[in-house]
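Let me begin by presenting the structure, written as structure tokens, before commenting on it.
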Amino acid sequence: MLRKANLFVFLLVPCLTFFAQDVLTNEAVLKLVKAGLGADMIVTMIKTQTSNFALNTEDIVSLKNGGAPDKVIAAMIVKGSGLVKPGAVDPAPKVEAPLTTKDGIPLPDELGVYRLKDGKYVSIPPEILNLRTARGAQFLVGIMAAAKLNGSVANQHSSTHIAPETDFVVKLPEGTDPAEYLCVKFEVKKDRREVELARGRINMSTGTQKNAVPFESEKLAKQIYRLKFGILKKGEYGLLPPGANISANATSAGKIYTFLVE
């Protein structure tokens, strides 16, 4: 029993000596490693004590050959670069507070269209908007009557039901503006909702005003805007996102965020 106690003291004395050192060197670190101190303990000493390390390629190879763990060598390199000062501790991870409105309602962090429901912004799912060009009859060779670009969505009603004064928020992709959104009001048909998006001769005009619903926007945060419609009338509506493919060249499809005002 006495021999074990003496052995413990024999191992502890050099460790205590190293803890009391003011300046850590390569040799001191290797002595700590050989004395059996754990890598975490040595890293803590490196971070909190003054050091004078030699860290060229040969020095690092010597440390590795001497048994220094990679974790310890990495801490020495960081300390030698001046990124960690004596007595410094690892800073707590920075946690950014979520963006909120003035009323404390969390703003969305993913791209899309949202409506206010039960005190939080809920995503409005998009639907498929089918685009089709309807051309008039030709009166003379080479002269075409007015053509229309229609958009339609399957089924009579949207699954998103809202009140006339619902608060809308959109998060836009980088480089886009809320004015690039187009809000339209659908005509309800037997098996679909339909809207005329554009009309013209030979070359289609862009963005017909016939079915457009005006709105204003208010910036809440970077890329996040509130859309202000005022009081919407009863009916079926849709928001075409920026970059929607409205083309008269061929039958095509895009997406539109739809909602029913009750």
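Lettering and numbering for the structure tokens are positional, with chains as A, B, ... in the shown order, residues counted from 1 in each chain, and ligands counted from 1 in the shown order.
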Original post:
Within 9 Å of A:Lys222, counting only C-alpha atoms, which residues qualify if same-chain residues fewer than 3 places away don't, as a ChimeraX atom specification?
Top reply: /A:171-172,219,225
**OP:** Work out how far atom CA of A:Arg226 is from atom CA of A:Pro106, in Å to one decimal.
**Re:** 13.0 Å
Original post:
Can you list, as a ChimeraX atom specification, every protein, DNA or RNA residue that comes within 9 Å of A:Glu194 when you count only C-alpha atoms, leaving out same-chain residues fewer than 6 positions away?
Top reply: /A:150-154,185-188
Using only N, CA, C and O atoms, please write the residues we just selected to a file, as a PDB file, in the first residue's frame.
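Output (out-v1.pdb):
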ATOM      1  N   ASN A 150     -54.564  32.472 -71.029  1.00  0.00           N
ATOM      2  CA  ASN A 150     -55.375  32.134 -69.870  1.00  0.00           C
ATOM      3  C   ASN A 150     -54.598  31.238 -68.912  1.00  0.00           C
ATOM      4  O   ASN A 150     -53.787  30.409 -69.316  1.00  0.00           O
ATOM      5  N   GLY A 151     -54.876  31.417 -67.639  1.00  0.00           N
ATOM      6  CA  GLY A 151     -54.312  30.545 -66.612  1.00  0.00           C
ATOM      7  C   GLY A 151     -55.444  29.867 -65.867  1.00  0.00           C
ATOM      8  O   GLY A 151     -56.460  30.498 -65.570  1.00  0.00           O
ATOM      9  N   SER A 152     -55.292  28.589 -65.576  1.00  0.00           N
ATOM     10  CA  SER A 152     -56.351  27.868 -64.874  1.00  0.00           C
ATOM     11  C   SER A 152     -55.764  26.958 -63.811  1.00  0.00           C
ATOM     12  O   SER A 152     -54.648  26.447 -63.943  1.00  0.00           O
ATOM     13  N   VAL A 153     -56.544  26.762 -62.750  1.00  0.00           N
ATOM     14  CA  VAL A 153     -56.176  25.884 -61.647  1.00  0.00           C
ATOM     15  C   VAL A 153     -57.304  24.882 -61.449  1.00  0.00           C
ATOM     16  O   VAL A 153     -58.486  25.248 -61.506  1.00  0.00           O
ATOM     17  N   ALA A 154     -56.966  23.635 -61.247  1.00  0.00           N
ATOM     18  CA  ALA A 154     -57.981  22.585 -61.102  1.00  0.00           C
ATOM     19  C   ALA A 154     -58.846  22.811 -59.862  1.00  0.00           C
ATOM     20  O   ALA A 154     -58.388  23.369 -58.862  1.00  0.00           O
ATOM     21  N   LYS A 185     -57.686  37.757 -59.551  1.00  0.00           N
ATOM     22  CA  LYS A 185     -58.938  37.172 -59.067  1.00  0.00           C
ATOM     23  C   LYS A 185     -59.469  36.234 -60.143  1.00  0.00           C
ATOM     24  O   LYS A 185     -59.582  36.594 -61.309  1.00  0.00           O
ATOM     25  N   PHE A 186     -59.774  35.009 -59.740  1.00  0.00           N
ATOM     26  CA  PHE A 186     -60.232  33.982 -60.671  1.00  0.00           C
ATOM     27  C   PHE A 186     -61.730  34.092 -60.949  1.00  0.00           C
ATOM     28  O   PHE A 186     -62.504  34.568 -60.108  1.00  0.00           O
ATOM     29  N   GLU A 187     -62.098  33.611 -62.129  1.00  0.00           N
ATOM     30  CA  GLU A 187     -63.491  33.295 -62.416  1.00  0.00           C
ATOM     31  C   GLU A 187     -63.687  31.816 -62.128  1.00  0.00           C
ATOM     32  O   GLU A 187     -62.875  30.982 -62.551  1.00  0.00           O
ATOM     33  N   VAL A 188     -64.744  31.488 -61.396  1.00  0.00           N
ATOM     34  CA  VAL A 188     -64.979  30.096 -61.027  1.00  0.00           C
ATOM     35  C   VAL A 188     -65.800  29.414 -62.120  1.00  0.00           C
ATOM     36  O   VAL A 188     -66.907  29.842 -62.450  1.00  0.00           O
TER      37      VAL A 188
END
Original post:
Rounded to one decimal in Å, what is the spacing between atom CA of A:Leu116 and atom CA of A:Ala163?
Top reply: 10.1 Å
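Straight-line separation from atom CA of A:Ile128 to atom CA of A:Leu220: 28.6 Å.
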Original post:
Of the candidates A:Gly119, A:Pro108, A:Pro164, A:Pro178, which shows the shortest atom-to-atom distance to A:Glu216, using only C-alpha atoms?
Top reply: A:Pro178
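Distances to A:Leu111 were evaluated for A:Glu27, A:Glu262, A:Glu174, A:Glu196 using only C-alpha atoms, and the minimum falls at A:Glu174.
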